[in-house]
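Text of the file target07.txt, holding compact mmCIF, C-alpha atoms:
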```
# COMPACT_ATOMS: atom_id res chain seq x y z
CA MET V 128 55.38 -6.87 -15.32
CA ALA V 129 52.84 -4.09 -15.84
CA LEU V 130 55.30 -2.24 -18.08
CA ARG V 131 55.71 -5.31 -20.25
CA THR V 132 51.93 -5.58 -20.63
CA LEU V 133 51.74 -1.94 -21.61
CA VAL V 134 54.18 -2.31 -24.46
CA THR V 135 52.94 -5.58 -25.93
CA ARG V 136 52.38 -5.65 -29.66
CA LYS V 137 48.66 -5.93 -29.18
CA ALA V 138 48.39 -2.75 -27.17
CA LEU V 139 50.58 -0.84 -29.60
CA GLY V 140 48.61 -2.14 -32.56
CA ASN V 141 45.75 0.16 -31.67
CA SER V 142 47.97 3.10 -30.97
CA VAL V 143 45.37 5.85 -30.92
CA ALA V 144 43.18 4.04 -28.41
CA PHE V 145 46.27 3.04 -26.43
CA ARG V 146 47.52 6.62 -26.20
CA GLN V 147 44.10 7.86 -25.25
CA GLN V 148 43.65 5.27 -22.55
CA LEU V 149 47.08 6.10 -21.21
CA ARG V 150 45.86 9.66 -20.72
CA GLY V 151 42.55 8.54 -19.26
CA LEU V 152 40.62 9.55 -22.36
CA GLN V 153 37.53 7.53 -23.11
CA THR V 154 37.76 5.93 -26.55
CA HIS V 155 34.66 5.11 -28.44
CA THR V 156 34.12 1.99 -30.43
CA LEU V 157 31.71 0.91 -33.11
CA PRO V 158 28.83 -0.93 -31.42
CA ASP V 159 27.86 -4.30 -32.84
CA LEU V 160 24.53 -4.62 -34.57
CA PRO V 161 22.07 -6.80 -32.62
CA TYR V 162 21.08 -8.49 -35.92
CA ASP V 163 22.59 -9.53 -39.24
CA TYR V 164 23.05 -7.03 -42.04
CA GLY V 165 20.42 -8.75 -44.13
CA ALA V 166 17.89 -9.15 -41.32
CA LEU V 167 15.98 -5.97 -42.11
CA GLU V 168 15.23 -6.84 -45.73
CA PRO V 169 13.26 -5.99 -47.76
CA ALA V 170 12.72 -2.73 -45.89
CA ILE V 171 16.42 -1.91 -45.80
CA SER V 172 18.88 -3.86 -47.92
CA GLY V 173 21.81 -5.76 -46.45
CA GLU V 174 24.17 -3.80 -48.69
CA ILE V 175 23.02 -0.51 -47.18
CA MET V 176 23.18 -1.85 -43.63
CA GLN V 177 26.72 -3.08 -44.13
CA LEU V 178 28.01 0.13 -45.69
CA HIS V 179 26.10 2.25 -43.21
CA HIS V 180 27.51 0.39 -40.22
CA GLN V 181 31.02 -0.59 -41.32
CA LYS V 182 31.90 2.52 -43.31
CA HIS V 183 29.81 5.49 -42.29
CA HIS V 184 29.36 4.84 -38.58
CA GLN V 185 32.93 3.58 -38.25
CA THR V 186 34.22 6.78 -39.85
CA TYR V 187 32.28 8.87 -37.34
CA VAL V 188 33.76 6.83 -34.48
CA THR V 189 37.31 7.10 -35.81
CA ASN V 190 37.08 10.82 -36.43
CA PHE V 191 35.34 11.44 -33.12
CA ASN V 192 38.20 9.76 -31.25
CA LYS V 193 40.71 11.74 -33.29
CA ALA V 194 38.95 15.04 -32.58
CA LEU V 195 38.70 14.25 -28.87
CA GLU V 196 42.42 13.53 -28.70
CA GLN V 197 43.19 16.79 -30.46
CA LEU V 198 40.81 18.58 -28.10
CA ASP V 199 42.51 17.09 -25.05
CA ASP V 200 45.85 18.25 -26.41
CA ALA V 201 44.59 21.74 -27.10
CA ILE V 202 43.00 22.05 -23.66
CA ASN V 203 46.20 20.96 -21.96
CA LYS V 204 48.20 23.46 -23.97
CA GLY V 205 45.67 26.21 -23.36
CA ASP V 206 45.27 26.61 -27.12
CA SER V 207 41.84 28.28 -27.18
CA PRO V 208 41.57 28.87 -30.94
CA THR V 209 42.09 25.15 -31.57
CA VAL V 210 39.65 24.23 -28.81
CA VAL V 211 36.97 26.32 -30.48
CA LYS V 212 37.91 25.21 -33.99
CA LEU V 213 37.43 21.56 -33.04
CA GLN V 214 33.85 22.05 -31.87
CA SER V 215 32.29 21.53 -35.29
CA ALA V 216 34.24 18.30 -35.87
CA ILE V 217 33.19 17.06 -32.44
CA LYS V 218 29.56 17.96 -32.99
CA PHE V 219 29.55 16.33 -36.41
CA ASN V 220 31.43 13.13 -35.65
CA GLY V 221 30.26 12.77 -32.06
CA GLY V 222 26.71 13.44 -33.14
CA GLY V 223 27.10 10.89 -35.91
CA HIS V 224 28.26 8.28 -33.40
CA ILE V 225 25.48 9.06 -30.92
CA ASN V 226 22.73 9.16 -33.54
CA HIS V 227 23.72 5.97 -35.29
CA SER V 228 24.14 4.09 -32.02
CA ILE V 229 20.51 4.92 -31.23
CA PHE V 230 19.43 4.16 -34.80
CA TRP V 231 20.65 0.54 -34.75
CA LYS V 232 18.59 -0.03 -31.60
CA ASN V 233 15.59 1.65 -33.22
CA LEU V 234 15.48 -1.09 -35.83
CA ALA V 235 14.67 -4.76 -35.43
CA PRO V 236 13.96 -7.66 -37.76
CA VAL V 237 10.28 -8.44 -38.20
CA ARG V 238 10.68 -11.80 -36.48
CA GLU V 239 12.04 -10.02 -33.41
CA GLY V 240 9.17 -7.56 -33.16
CA GLY V 241 10.17 -5.01 -35.77
CA GLY V 242 7.13 -3.07 -36.91
CA GLU V 243 4.90 -4.11 -34.03
CA PRO V 244 2.99 -1.05 -32.79
CA PRO V 245 3.77 0.32 -29.36
CA LYS V 246 1.66 -0.84 -26.47
CA GLY V 247 1.48 0.38 -22.92
CA SER V 248 2.06 3.93 -21.86
CA LEU V 249 3.91 5.02 -25.02
CA GLY V 250 1.06 3.80 -27.24
CA TRP V 251 -1.38 5.70 -25.09
CA ALA V 252 0.74 8.85 -25.13
CA ILE V 253 0.99 8.71 -28.93
CA ASP V 254 -2.78 8.41 -29.30
CA ASN V 255 -3.28 11.18 -26.81
CA HIS V 256 -0.83 13.60 -28.38
CA PHE V 257 -1.07 12.83 -32.12
CA GLY V 258 -4.50 11.26 -32.36
CA SER V 259 -3.26 7.93 -33.63
CA LEU V 260 -0.11 6.05 -34.56
CA GLU V 261 -0.94 6.62 -38.26
CA ALA V 262 -1.04 10.35 -37.67
CA LEU V 263 2.36 10.25 -35.98
CA VAL V 264 3.83 8.19 -38.82
CA GLN V 265 2.39 10.57 -41.37
CA LYS V 266 3.85 13.58 -39.58
CA MET V 267 7.28 12.03 -39.27
CA ASN V 268 7.23 10.97 -42.91
CA ALA V 269 6.23 14.44 -44.04
CA ASP V 270 8.89 16.11 -41.93
CA GLY V 271 11.50 13.56 -42.97
CA ALA V 272 10.75 13.89 -46.67
CA GLY V 273 10.71 17.64 -46.43
CA LEU V 274 14.04 17.88 -44.68
CA GLN V 275 16.48 19.70 -46.90
CA GLY V 276 19.83 18.06 -47.40
CA SER V 277 21.02 15.65 -44.74
CA GLY V 278 19.61 15.10 -41.29
CA TRP V 279 17.39 13.10 -39.00
CA VAL V 280 13.72 13.03 -38.04
CA TRP V 281 13.01 12.21 -34.40
CA LEU V 282 10.25 11.17 -32.07
CA GLY V 283 11.40 12.63 -28.79
CA LEU V 284 10.22 13.03 -25.26
CA ASP V 285 10.47 16.34 -23.48
CA LYS V 286 11.22 14.93 -20.07
CA GLU V 287 10.41 18.12 -18.24
CA LEU V 288 7.09 18.84 -19.89
CA LYS V 289 6.38 15.09 -20.19
CA ARG V 290 5.31 15.57 -23.80
CA LEU V 291 6.10 13.79 -27.04
CA VAL V 292 7.59 15.86 -29.83
CA VAL V 293 8.47 15.34 -33.47
CA GLU V 294 11.63 17.19 -34.44
CA THR V 295 14.17 17.27 -37.22
CA THR V 296 17.86 17.96 -36.92
CA ALA V 297 20.33 18.86 -39.65
CA ASN V 298 23.43 16.88 -40.56
CA GLN V 299 24.49 14.89 -37.47
CA ASP V 300 23.12 17.23 -34.82
CA PRO V 301 21.81 15.14 -31.95
CA LEU V 302 18.23 15.75 -30.76
CA VAL V 303 19.48 17.51 -27.67
CA THR V 304 20.55 20.45 -29.86
CA LYS V 305 16.84 21.19 -30.31
CA GLY V 306 16.20 21.29 -26.56
CA SER V 307 18.24 20.21 -23.59
CA SER V 308 15.32 18.31 -22.05
CA LEU V 309 14.65 16.26 -25.19
CA VAL V 310 15.27 12.51 -25.02
CA PRO V 311 15.35 10.60 -28.33
CA LEU V 312 12.90 7.69 -28.52
CA LEU V 313 13.14 7.05 -32.26
CA GLY V 314 15.38 8.51 -34.92
CA ILE V 315 15.20 7.95 -38.65
CA ASP V 316 18.31 8.71 -40.68
CA VAL V 317 17.36 10.63 -43.83
CA TRP V 318 20.87 11.15 -45.13
CA GLU V 319 20.97 9.84 -48.68
CA HIS V 320 23.47 7.13 -47.74
CA ALA V 321 20.71 5.59 -45.60
CA TYR V 322 18.52 4.76 -48.58
CA TYR V 323 19.96 5.78 -51.94
CA LEU V 324 21.29 2.41 -53.11
CA GLN V 325 17.85 0.88 -52.68
CA TYR V 326 15.31 3.66 -53.07
CA LYS V 327 17.35 6.10 -55.18
CA ASN V 328 15.94 9.57 -54.69
CA VAL V 329 12.51 8.38 -53.56
CA ARG V 330 12.93 9.21 -49.91
CA PRO V 331 9.16 8.97 -49.22
CA ASP V 332 9.23 5.25 -50.17
CA TYR V 333 12.10 4.62 -47.77
CA LEU V 334 10.17 6.38 -45.01
CA LYS V 335 7.02 4.43 -45.76
CA ASN V 336 8.86 1.10 -45.58
CA ILE V 337 11.12 1.69 -42.60
CA TRP V 338 8.17 1.52 -40.20
CA LYS V 339 8.00 -2.22 -40.91
CA VAL V 340 11.26 -2.67 -39.01
CA ILE V 341 10.97 0.00 -36.34
CA ASN V 342 11.67 -1.36 -32.88
CA TRP V 343 8.91 0.18 -30.75
CA LYS V 344 9.95 -1.91 -27.77
CA TYR V 345 13.16 0.10 -27.38
CA ALA V 346 11.23 3.37 -27.63
CA SER V 347 8.70 2.15 -25.04
CA ASP V 348 11.48 1.14 -22.65
CA ILE V 349 13.08 4.58 -22.81
CA TYR V 350 9.69 6.27 -22.43
CA GLU V 351 8.72 4.21 -19.40
CA LYS V 352 12.06 4.91 -17.78
CA GLU V 353 11.56 8.67 -18.12
CA CYS V 354 7.82 8.66 -17.39
CA PRO V 355 7.26 5.88 -14.89
CA MET Z 30 5.45 25.27 -60.59
CA SER Z 31 4.22 23.22 -63.52
CA ARG Z 32 6.12 20.29 -64.88
CA SER Z 33 6.68 22.09 -68.17
CA ALA Z 34 8.28 25.02 -66.36
CA PHE Z 35 10.83 22.68 -64.85
CA CYS Z 36 11.54 20.93 -68.12
CA SER Z 37 11.85 24.04 -70.21
CA SER Z 38 14.06 25.79 -67.70
CA GLY Z 39 16.83 23.31 -68.15
CA SER Z 40 16.17 20.57 -70.66
CA ASN Z 41 17.66 22.45 -73.58
CA LEU Z 42 20.89 22.76 -71.61
CA VAL Z 43 21.39 19.00 -71.23
CA PRO Z 44 23.41 17.74 -74.19
CA LYS Z 45 21.57 15.20 -76.26
CA THR Z 46 24.42 12.74 -75.98
CA THR Z 47 24.12 11.96 -72.30
CA GLU Z 48 25.99 8.79 -73.10
CA ALA Z 49 28.97 11.01 -73.88
CA LEU Z 50 30.17 10.74 -70.32
CA ASN Z 51 29.83 6.95 -70.41
CA PRO Z 52 33.15 5.28 -69.82
CA LEU Z 53 32.53 2.21 -71.94
CA ASN Z 54 34.83 3.44 -74.70
CA ARG Z 55 37.56 4.19 -72.22
CA PRO Z 56 40.14 1.58 -71.38
CA LYS Z 57 40.66 0.02 -68.02
CA LYS Z 58 39.43 0.97 -64.64
CA HIS Z 59 38.08 4.49 -64.84
CA HIS Z 60 34.46 4.68 -63.92
CA TYR Z 61 32.94 8.06 -64.44
CA LEU Z 62 29.57 9.47 -63.66
CA ASN Z 63 27.92 7.40 -66.34
CA GLY Z 64 25.40 8.68 -68.83
CA ARG Z 65 22.51 6.80 -67.32
CA GLN Z 66 23.09 8.18 -63.86
CA ARG Z 67 23.60 11.66 -65.23
CA THR Z 68 20.22 11.61 -66.96
CA ASN Z 69 18.57 10.08 -63.96
CA LEU Z 70 20.09 12.64 -61.61
CA TYR Z 71 18.93 15.50 -63.80
CA GLN Z 72 15.38 14.26 -64.14
CA LYS Z 73 15.05 13.02 -60.64
CA ASN Z 74 16.47 16.03 -58.94
CA HIS Z 75 13.86 18.12 -60.65
CA ARG Z 76 11.32 15.69 -59.30
CA ALA Z 77 12.99 15.86 -55.92
CA SER Z 78 12.54 19.61 -55.95
CA LYS Z 79 8.86 19.09 -56.58
CA VAL Z 80 8.66 16.69 -53.65
CA LEU Z 81 10.19 19.37 -51.46
CA ALA Z 82 7.74 21.92 -52.77
CA TYR Z 83 4.89 19.51 -52.15
CA TYR Z 84 5.87 19.20 -48.53
CA GLY Z 85 5.83 22.95 -48.30
CA LEU Z 86 9.53 23.35 -47.73
CA ARG Z 87 11.00 26.80 -47.88
CA SER Z 88 13.96 26.25 -50.16
CA PRO Z 89 13.13 27.35 -53.67
CA PRO Z 90 13.54 24.53 -56.17
CA TYR Z 91 15.14 26.93 -58.61
CA LYS Z 92 18.28 27.01 -56.46
CA LEU Z 93 18.63 23.26 -56.88
CA VAL Z 94 17.97 23.55 -60.61
CA TRP Z 95 20.52 26.35 -61.04
CA ASN Z 96 23.25 24.55 -59.14
CA HIS Z 97 22.69 21.36 -61.07
CA ASP Z 98 22.58 23.07 -64.48
CA PHE Z 99 25.84 24.79 -63.58
CA PHE Z 100 27.27 21.42 -62.54
CA TRP Z 101 26.40 19.68 -65.82
CA GLU Z 102 28.07 22.49 -67.69
CA SER Z 103 31.11 22.29 -65.43
CA MET Z 104 31.82 18.86 -66.86
CA GLN Z 105 32.59 17.46 -70.29
CA PRO Z 106 33.53 14.08 -71.71
CA GLY Z 107 37.29 13.87 -71.84
CA GLY Z 108 37.59 16.64 -69.30
CA GLY Z 109 40.25 16.99 -66.66
CA SER Z 110 43.89 17.94 -67.18
CA SER Z 111 44.40 21.61 -66.46
CA PRO Z 112 43.42 25.08 -67.62
CA ILE Z 113 45.59 27.17 -69.90
CA LEU Z 114 46.28 30.82 -70.60
CA GLY Z 115 44.71 33.46 -68.37
CA LEU Z 116 42.78 31.15 -66.07
CA LEU Z 117 45.87 29.07 -65.37
CA GLN Z 118 47.82 32.24 -64.66
CA GLN Z 119 45.13 33.47 -62.27
CA ILE Z 120 45.04 30.09 -60.48
CA GLU Z 121 48.81 30.14 -60.12
CA LYS Z 122 48.62 33.68 -58.81
CA ASP Z 123 45.91 32.93 -56.23
CA PHE Z 124 46.86 29.40 -55.17
CA GLY Z 125 50.59 29.21 -55.86
CA SER Z 126 50.29 26.41 -58.38
CA PHE Z 127 47.64 24.35 -60.13
CA THR Z 128 48.62 21.35 -58.03
CA ASN Z 129 48.04 23.31 -54.86
CA PHE Z 130 44.63 24.46 -56.10
CA ARG Z 131 43.67 20.90 -57.01
CA GLU Z 132 44.69 19.63 -53.58
CA LYS Z 133 42.74 22.35 -51.80
CA PHE Z 134 39.64 21.78 -53.95
CA ILE Z 135 39.58 18.06 -53.23
CA ASP Z 136 40.31 18.69 -49.56
CA ALA Z 137 37.32 21.02 -49.39
CA ALA Z 138 35.16 18.34 -50.99
CA LEU Z 139 36.22 15.80 -48.38
CA LYS Z 140 35.82 18.14 -45.43
CA LEU Z 141 32.28 19.25 -46.25
CA PHE Z 142 29.87 18.21 -43.49
CA GLY Z 143 26.51 17.01 -44.76
CA SER Z 144 25.08 17.85 -48.17
CA GLY Z 145 26.56 20.67 -50.18
CA TRP Z 146 28.72 21.94 -53.01
CA VAL Z 147 32.32 22.94 -53.56
CA TRP Z 148 32.90 25.97 -55.78
CA LEU Z 149 35.71 27.76 -57.49
CA VAL Z 150 34.58 31.38 -57.42
CA LEU Z 151 35.93 34.77 -58.38
CA LYS Z 152 35.50 36.99 -55.40
CA ARG Z 153 34.18 40.33 -56.53
CA GLU Z 154 35.47 42.59 -53.77
CA GLU Z 155 38.78 40.88 -53.15
CA LYS Z 156 39.39 40.35 -56.88
CA HIS Z 157 40.84 36.88 -56.59
CA LEU Z 158 39.83 33.24 -57.04
CA ALA Z 159 38.79 31.24 -54.01
CA ILE Z 160 37.43 27.82 -53.11
CA VAL Z 161 34.22 27.96 -51.12
CA LYS Z 162 31.92 25.31 -49.67
CA THR Z 163 28.17 25.79 -49.47
CA SER Z 164 25.54 23.73 -47.65
CA ASN Z 165 22.47 22.18 -49.22
CA ALA Z 166 21.39 24.45 -52.06
CA VAL Z 167 23.22 27.64 -51.17
CA ASN Z 168 24.83 29.39 -54.13
CA PRO Z 169 27.80 31.76 -53.74
CA LEU Z 170 25.97 34.33 -55.85
CA VAL Z 171 24.22 35.26 -52.62
CA TRP Z 172 27.57 36.53 -51.41
CA ASN Z 173 28.08 38.41 -54.65
CA ASP Z 174 30.81 35.99 -55.78
CA ILE Z 175 30.97 34.76 -59.37
CA PRO Z 176 30.93 30.95 -59.73
CA ILE Z 177 33.49 29.48 -62.12
CA LEU Z 178 33.12 25.75 -61.36
CA ASN Z 179 31.23 23.58 -58.93
CA LEU Z 180 31.21 20.01 -57.68
CA ASP Z 181 28.08 18.38 -56.27
CA MET Z 182 28.95 16.73 -52.94
CA TRP Z 183 25.44 15.60 -52.08
CA GLU Z 184 25.57 11.85 -51.58
CA HIS Z 185 23.22 11.27 -54.50
CA ALA Z 186 25.89 12.64 -56.82
CA TYR Z 187 28.30 9.79 -56.17
CA TYR Z 188 26.75 7.09 -54.04
CA LEU Z 189 25.59 4.73 -56.79
CA ASP Z 190 29.01 4.74 -58.47
CA TYR Z 191 31.39 5.24 -55.58
CA LYS Z 192 29.39 4.35 -52.41
CA ASN Z 193 31.05 6.22 -49.56
CA ASP Z 194 34.39 6.77 -51.38
CA LYS Z 195 34.21 10.56 -51.74
CA ALA Z 196 37.92 10.86 -52.44
CA LYS Z 197 37.71 8.63 -55.51
CA TYR Z 198 34.74 10.59 -56.85
CA ALA Z 199 36.42 13.97 -56.32
CA ASN Z 200 39.62 12.74 -57.97
CA VAL Z 201 37.76 11.34 -60.96
CA PHE Z 202 36.01 14.69 -61.33
CA MET Z 203 39.31 16.59 -61.35
CA ASN Z 204 41.11 14.07 -63.54
CA HIS Z 205 38.48 13.24 -66.13
CA LEU Z 206 35.35 15.34 -65.94
CA VAL Z 207 35.99 18.96 -65.07
CA SER Z 208 35.50 21.24 -68.07
CA TRP Z 209 38.22 23.90 -68.08
CA ASN Z 210 36.69 25.19 -71.32
CA ALA Z 211 33.52 26.08 -69.46
CA ALA Z 212 35.55 27.55 -66.63
CA MET Z 213 37.56 29.72 -68.99
CA ALA Z 214 34.42 30.98 -70.73
CA ARG Z 215 32.89 31.87 -67.38
CA MET Z 216 36.12 33.53 -66.29
CA ALA Z 217 36.19 35.63 -69.44
CA ARG Z 218 32.64 36.74 -68.76
CA ALA Z 219 33.38 37.40 -65.10
CA GLN Z 220 36.15 39.78 -66.07
CA ALA Z 221 33.51 42.03 -67.59
CA PHE Z 222 32.38 42.59 -64.01
CA VAL Z 223 35.64 42.35 -62.08
CA ASN Z 224 38.76 44.14 -63.15
CA LEU Z 225 41.66 41.82 -62.47
CA GLY Z 226 44.34 43.67 -64.34
CA GLU Z 227 46.85 46.12 -62.99
CA PRO Z 228 46.44 49.56 -64.57
CA LYS Z 229 49.24 50.39 -66.98
CA ILE Z 230 50.13 53.86 -65.86
CA PRO Z 231 52.53 55.42 -68.32
CA VAL Z 232 55.60 57.00 -66.89
CA ALA Z 233 55.71 60.53 -68.16
```
Once more with this new file: its structure as structure tokens, please.
Amino acid sequence: MALRTLVTRKALGNSVAFRQQLRGLQTHTLPDLPYDYGALEPAISGEIMQLHHQKHHQTYVTNFNKALEQLDDAINKGDSPTVVKLQSAIKFNGGGHINHSIFWKNLAPVREGGGEPPKGSLGWAIDNHFGSLEALVQKMNADGAGLQGSGWVWLGLDKELKRLVVETTANQDPLVTKGSSLVPLLGIDVWEHAYYLQYKNVRPDYLKNIWKVINWKYASDIYEKECP
Amino acid sequence: MSRSAFCSSGSNLVPKTTEALNPLNRPKKHHYLNGRQRTNLYQKNHRASKVLAYYGLRSPPYKLVWNHDFFWESMQPGGGSSPILGLLQQIEKDFGSFTNFREKFIDAALKLFGSGWVWLVLKREEKHLAIVKTSNAVNPLVWNDIPILNLDMWEHAYYLDYKNDKAKYANVFMNHLVSWNAAMARMARAQAFVNLGEPKIPVA
């Protein structure tokens, strides 16, 4: 009975995931957006949201799963050169999956609280550390606009020092590559695919407008969990 | 870094007929980097460099200018097909065949992580052609290699026309845009610096 279930058409249809699950490998899947593609307009266009989610993020997920399967193979065979060679693909695609999964939660339509300033302990910590929310926004915008090439700008929490930090990472490097005690509260994607169709090369305009749909509630929740 | 310095450094290199790359006179489905986007890219990337400079970023804008100027000259309307004569021979020598080179070039374009460029270079020390990838604004001249061709793989280079379809963009570049004339001229010049020939030692 179990054997028959294993070899049903449906299971075999998703053969990569099936093989991975058979070996106990965790497969990753594209998370659903908690809002419609057009819900963040006019700050971010529906066209960008759809491409960003269905094409870019999906590609990271697919390639991450592929790289993990190859890594598992290489580890089992004791093939060290391949294990090492795969690290950059894992960092890139895995990082892409991690970062974008956080990013979708960092955004919310205006009618669901997008753009509403943080209250509570996170709001207080921002004022304490940066002077004001405006100062934080200005710093993140400056760092984001100044980032060369592709990358992310982050508001993070150093959970050991209990301090807020603003950091940038290149390509799809997750925030943790800048410090193992850093927890991402907010990330803004400044890869060109995140804004080019709408803002062309004017990244500063994209950064100015994205704050209208930033989901501070998510950031506050993470902050309060780490700093109760 | 005055505006005029930017304009004069490159504007005389942009052909007047930016519409020349426009596909409207071409039949059917081919959609190239159109003239409008080309002009926009050129102007706006100079502006982008100034934005970077404004935010006090380290990377010199001239690297971006150089790479882009080189890129415009690596393309021509009605480009594509394949090189001839000495350059073709050298490609066949170093890559096995032109088809193999083309495959490897496009593969490099697709495998680049993040923003960057794909180059065909003549390696000075090793005295052969190679395909190299560089990140952001890095130029292979820093490794003492001589650039022969490049392809801009920053997303701004293709996103408006091709969205995320990098493969289509890279193929269109190889099939319709790449200027083997420019490549051959650069190769000829490069051979003033790199001796590729075998010495003809007379047998006594």
Taking all atoms listed in the file into account, produce a table as a Markdown table in which each residue of chain V with an atom at most 10 Å from an atom of chain Z appears once, together with its shortest atom pair and the distance in Å to one decimal, ordered by chain and rising number.
```
| residue | atom | partner | partner_atom | distance |
| --- | --- | --- | --- | --- |
| V:Ile175 | CA | Z:Lys192 | CA | 9.6 |
| V:Leu178 | CA | Z:Asn193 | CA | 7.8 |
| V:His179 | CA | Z:Asn193 | CA | 9.0 |
| V:Lys182 | CA | Z:Asn193 | CA | 7.3 |
| V:His183 | CA | Z:Asn193 | CA | 7.4 |
| V:Ser215 | CA | Z:Phe142 | CA | 9.2 |
| V:Ala216 | CA | Z:Phe142 | CA | 8.8 |
| V:Phe219 | CA | Z:Phe142 | CA | 7.3 |
| V:Asn220 | CA | Z:Phe142 | CA | 9.5 |
| V:Ala269 | CA | Z:Tyr84 | CA | 6.6 |
| V:Asp270 | CA | Z:Tyr84 | CA | 7.9 |
| V:Gly271 | CA | Z:Tyr84 | CA | 9.7 |
| V:Ala272 | CA | Z:Leu81 | CA | 7.3 |
| V:Gly273 | CA | Z:Leu81 | CA | 5.3 |
| V:Leu274 | CA | Z:Leu86 | CA | 7.7 |
| V:Gln275 | CA | Z:Asn165 | CA | 6.9 |
| V:Gly276 | CA | Z:Asn165 | CA | 5.2 |
| V:Ser277 | CA | Z:Gly143 | CA | 5.7 |
| V:Gly278 | CA | Z:Gly143 | CA | 8.0 |
| V:Ala297 | CA | Z:Gly143 | CA | 8.2 |
| V:Asn298 | CA | Z:Gly143 | CA | 5.2 |
| V:Gln299 | CA | Z:Gly143 | CA | 7.9 |
| V:Trp318 | CA | Z:Glu184 | CA | 8.0 |
| V:Glu319 | CA | Z:Glu184 | CA | 5.8 |
| V:His320 | CA | Z:Glu184 | CA | 6.4 |
| V:Ala321 | CA | Z:Glu184 | CA | 9.9 |
| V:Tyr322 | CA | Z:His185 | CA | 10.0 |
| V:Tyr323 | CA | Z:His185 | CA | 6.9 |
| V:Leu324 | CA | Z:Leu189 | CA | 6.1 |
| V:Gln325 | CA | Z:Leu189 | CA | 9.6 |
| V:Lys327 | CA | Z:His185 | CA | 7.9 |
| V:Asn328 | CA | Z:Lys73 | CA | 6.9 |
| V:Val329 | CA | Z:Ala77 | CA | 7.9 |
| V:Arg330 | CA | Z:Ala77 | CA | 9.0 |
| V:Pro331 | CA | Z:Val80 | CA | 8.9 |
```
- Task: Would you work out the distance separating CA of Pro311 in chain V from CA of Leu284 in chain V, expressed in Å to one decimal?
- Result: 6.5 Å
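In terms of minimum interatomic distance to His180 in chain V, V:His224 ranks closest within V:Lys352, V:Lys344, V:His256, V:His224, counting only C-alpha atoms.
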Could the residues of range 126-183 of chain Z that have an atom at most 12 Å from range 106-117 of chain Z be listed as a tab-separated table, each with its closest atom pair and the distance in Å to one decimal, counting only C-alpha atoms and ordered by chain and ascending residue number?
```
residue	atom	partner	partner_atom	distance
Z:Ser126	CA	Z:Leu117	CA	8.7
Z:Phe127	CA	Z:Leu117	CA	7.3
Z:Thr128	CA	Z:Ser111	CA	9.4
Z:Phe130	CA	Z:Leu117	CA	10.4
Z:Arg131	CA	Z:Ser111	CA	9.5
Z:Leu149	CA	Z:Leu116	CA	11.6
Z:Val150	CA	Z:Leu116	CA	11.9
Z:Leu151	CA	Z:Leu116	CA	10.9
Z:His157	CA	Z:Leu116	CA	11.2
Z:Leu158	CA	Z:Leu116	CA	9.7
Z:Ile177	CA	Z:Leu116	CA	10.2
```
- Query: Could you name the residues that touch Val292 in chain V at 10 Å or less, counting only C-alpha atoms, but leaving out those on the same chain fewer than 4 positions away, as a ChimeraX atom specification?
  - Reply: /V:253,256-257,263,281-285,309-312
- Task: Please indicate the distance in Å from CA of Gly241 in chain V to CA of Asn342 in chain V, rounded to one decimal place.
- Result: 4.9 Å
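Restricting the calculation to all atoms listed in the file, the smallest distance between Lys286 in chain V and any of V:Val303, V:Leu195, V:Ile225, V:Ala201 is found for V:Val303.
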File for range 109-115 of chain Z (N, CA, C and O atoms), as an mmCIF file, in the first residue's frame:
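After the write, selection-v2.cif holds the following:
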```cif
data_model
loop_
_atom_site.group_PDB
_atom_site.id
_atom_site.type_symbol
_atom_site.label_atom_id
_atom_site.label_comp_id
_atom_site.auth_asym_id
_atom_site.auth_seq_id
_atom_site.Cartn_x
_atom_site.Cartn_y
_atom_site.Cartn_z
ATOM 1 N N GLY Z 109 26.693 40.374 -35.038
ATOM 2 C CA GLY Z 109 26.451 38.935 -34.899
ATOM 3 C C GLY Z 109 27.307 38.154 -35.873
ATOM 4 O O GLY Z 109 28.416 38.561 -36.227
ATOM 5 N N SER Z 110 26.793 37.064 -36.324
ATOM 6 C CA SER Z 110 27.508 36.052 -37.142
ATOM 7 C C SER Z 110 28.825 35.707 -36.487
ATOM 8 O O SER Z 110 28.848 35.485 -35.285
ATOM 9 N N SER Z 111 29.921 35.647 -37.223
ATOM 10 C CA SER Z 111 31.146 35.209 -36.560
ATOM 11 C C SER Z 111 32.348 35.984 -37.093
ATOM 12 O O SER Z 111 32.277 36.623 -38.133
ATOM 13 N N PRO Z 112 33.450 35.923 -36.364
ATOM 14 C CA PRO Z 112 34.649 36.610 -36.836
ATOM 15 C C PRO Z 112 35.259 35.861 -38.011
ATOM 16 O O PRO Z 112 34.872 34.733 -38.316
ATOM 17 N N ILE Z 113 36.225 36.523 -38.642
ATOM 18 C CA ILE Z 113 36.915 35.882 -39.777
ATOM 19 C C ILE Z 113 38.417 36.011 -39.565
ATOM 20 O O ILE Z 113 38.882 36.634 -38.606
ATOM 21 N N LEU Z 114 39.158 35.459 -40.444
ATOM 22 C CA LEU Z 114 40.612 35.608 -40.506
ATOM 23 C C LEU Z 114 41.278 35.253 -39.174
ATOM 24 O O LEU Z 114 40.929 34.284 -38.528
ATOM 25 N N GLY Z 115 42.217 36.104 -38.772
ATOM 26 C CA GLY Z 115 43.082 35.798 -37.630
ATOM 27 C C GLY Z 115 42.350 35.603 -36.330
ATOM 28 O O GLY Z 115 42.675 34.709 -35.547
#
```
